[in-house]
2 protein chains.
Amino acid sequence: MRRVTRPVKAGNIAIGGRAPVSVQSMTKTDTRDVAATIAQIKELQSAGCEIIRCAVLDEEAARKIKLIKAGIKIPLVADIHFSSKLAILAIEAGADKIRINPGNIGSDLKVKGIISAAKSARIPIRIGVNAGSLEKYSGRQRHESAAVTAKKMVKRAVSFIRFFERNKFEDIVLSLKASDTLTTIEAYTRMAKECDYPFHVGVTEAGTVSGGTIKSAVGIGTLLHSGLGDTIRVSLAGEPLEEIRVGYGILKTLKLRDKGVDLIVCPTCGRCGVSLFPIAEEVERLVSGISRPLKVAVMGCVVNGPGEASEADFGIACGKGMGMLFKNGKVIKRVKEENLVEELMKEINKLKS
Amino acid sequence: MRRVTRPVKAGNIAIGGRAPVSVQSMTKTDTRDVAATIAQIKELQSAGCEIIRCAVLDEEAARKIKLIKAGIKIPLVADIHFSSKLAILAIEAGADKIRINPGNIGSDLKVKGIISAAKSARIPIRIGVNAGSLEKYSGRQRHESAAVTAKKMVKRAVSFIRFFERNKFEDIVLSLKASDTLTTIEAYTRMAKECDYPFHVGVTEAGTVSGGTIKSAVGIGTLLHSGLGDTIRVSLAGEPLEEIRVGYGILKTLKLRDKGVDLIVCPTCGRCGVSLFPIAEEVERLVSGISRPLKVAVMGCVVNGPGEASEADFGIACGKGMGMLFKNGKVIKRVKEENLVEELMKEINKLKS
């Protein structure tokens, strides 16, 4: 059961409420370089990125938000640290949402200044409490348990929320990220009992594409499966497009979004008479542009293949020399091994017309 | 809280009880090819594979188990379909465990024959109920809900268990896999209420390495986080070693095993002055052989890096030209950018001596 949250809006994208869980990413360009930043965001939005965040490190970057926004279609979130002035400039430049850690802005008065600017601009604020930022304030110890760190994160987030509420601001998204997955899961789980603000969920600094995918899928996946999470960001040290691919992969796995092809591939065993992995990877590549939800199976065995993958919309079962093409659980054609992928794609492409 | 299960033993590896969650894989060679199969298993056991399964398709394959076992160190599971004769031959050839779907063996009498052979050899049997095998028996419909399919899987598994118990056999491991992750999660979750036999957990036919990692990490990760799972297999259409890497990745993420390095890498943002991903990937490669548990951080920013990654045992924070090396949360050295990785590895390697 998905947690009931009160919706906020970043530009035209709703976060929380009944809105689908959205997928976001962060640019890895210098925000002051407008052309490079727009180019990266355009690539991301084509891949399905729904909200983009840019780091705002100085006044020039804050002012450039206006130009960047003119070149893109999705809402832009300004990521601010240490400075209420930068936050206010970013809001004035048209940011659709800002992300701050109220604990590093300097003073309550300065945070009030940001709140007041966001209120005038009618944009939401994400309050981001990262485990890494706890040290100075909450005396976090090295190697303390996930539960202890998570409690400190929640306590800090609650105190920020109360401050925002006292200042009549409730247009809030919350995040409680840690690079430790268990801490992340624990923090959001505890926080869910404290408020109904929507959650931005992610495991921070998760790692490279290969390692970070595992941590992110376990952490974000576990939380979403338990009903928590309104927007997600997969943090990977790699191509930003990978963050979008993995983000949708997690959501598709849990049937929270149904974008594109779900590929079922048998892992092969002694039963398999063909070299299946290159075939599967070719199919994966060929269907990667399809945004319509489809189940496609690539099986290594004509005996069990069609039965095992009968829930697939389309599939091939590969045998030595000959294979089978199946559709909606029924074998529709026997095909020469070398033509299997081509015949499969022909069937799939018929859908488009 | 981990589910309390009754332990069984496959060779020298305990499954269930207080045993650590073990990582297994399946060979992708022709089992009759003894040399190729042993070579693949040796590679897998060096990478940490703790139990290996081989498909047994004919009598020759069943008999070859004896020779394969002589060349390897880890327990071998014979994977049998359709034939009690093959199961009994595999047991006679020294299999440490067998995996069957009692529903496709042909008759109760034949299943009894397998039970009796396993009992004499004192080896466990994994009862594997796959969603894909339900069609013929339980009238599974295409596109039926995860909950409905899961219920049918559990009902079928319970009836098999009762049959085994009536035949005085309780040396059982259970699996309930589906290529659909939600169905898999639901099936194990329901099954946990029905018995205390240990679970072999996996998402079947999960996909290629990139796509299958996501499904497996979400499915296996969610189950393990809820306390379910005694041994795992990640099914990937790719190099078998990838199954081991991802398997340990999931277990490390949830702190269920502590093999090797946990890499924290910041995903970079406009703040990052260096090209961090190649550095992170180089570090990942250099530490991949270390089996001692360590947290290593690769951060893109000298301002926030050491603080954000203060829980790391070792780390580098990269800046333009100069970076910092930190250890146990404290900066120990300023280092030229080009020497950062070398200096980091020097510090890590000191641990070995």
# chains A, B, ... in the order shown; residues from 1 in each chain; ligands from 1
$ select_by_dssp --residues "segment 67-124 of chain A" --states "strand (DSSP E)" --output "list in words"
Leu76, Val77, Ala78, Asp79, Ile80, Lys97, Ile98, Arg99 and Ile100 of chain A
$ interface_residues --of "chain A" --to "chain B" --cutoff "6 Å" --atoms "only C-alpha atoms" --output "MDAnalysis selection string"
chainID A and resid 28:31 55 132 142 205:207 214:215 217:218 221:222 235:238 253 263:267 269:270 277 308 311
$ closest_residue --among "B:Ile65, B:Ile123, B:Ala192, B:Ala87" --to "Ile13 of chain B" --atoms "only C-alpha atoms"
B:Ile123
$ residues_around --residues "Ile125 of chain A" --least-positions-apart "2" --cutoff "9 Å" --atoms "only C-alpha atoms" --output "list of chain:residue names"
A:Lys97, A:Ile98, A:Arg99, A:Ile100, A:Ile115, A:Ala118, A:Ile123, A:Ile127, A:Glu170, A:Asp171, A:Ile172, A:Val173, A:Leu174
$ select_by_dssp --residues "segment 15-144 of chain A" --states "helix (DSSP H, G or I)" --output "PyMOL selection string"
chain A and resi 34-46+59-70+84-92+102-104+108-121+131-133+135-138
$ atom_distance --atom1 "atom CA of Glu347 of chain B" --atom2 "atom CA of Leu256 of chain B"
26.7 Å
$ residues_around --residues "Ile348 of chain B" --least-positions-apart "5" --cutoff "10 Å" --atoms "only C-alpha atoms" --output "list in words"
Val287, Ile290, Leu294, Val296, Asp313, Phe314, Gly315, Lys327, Glu342 and Glu343 of chain B
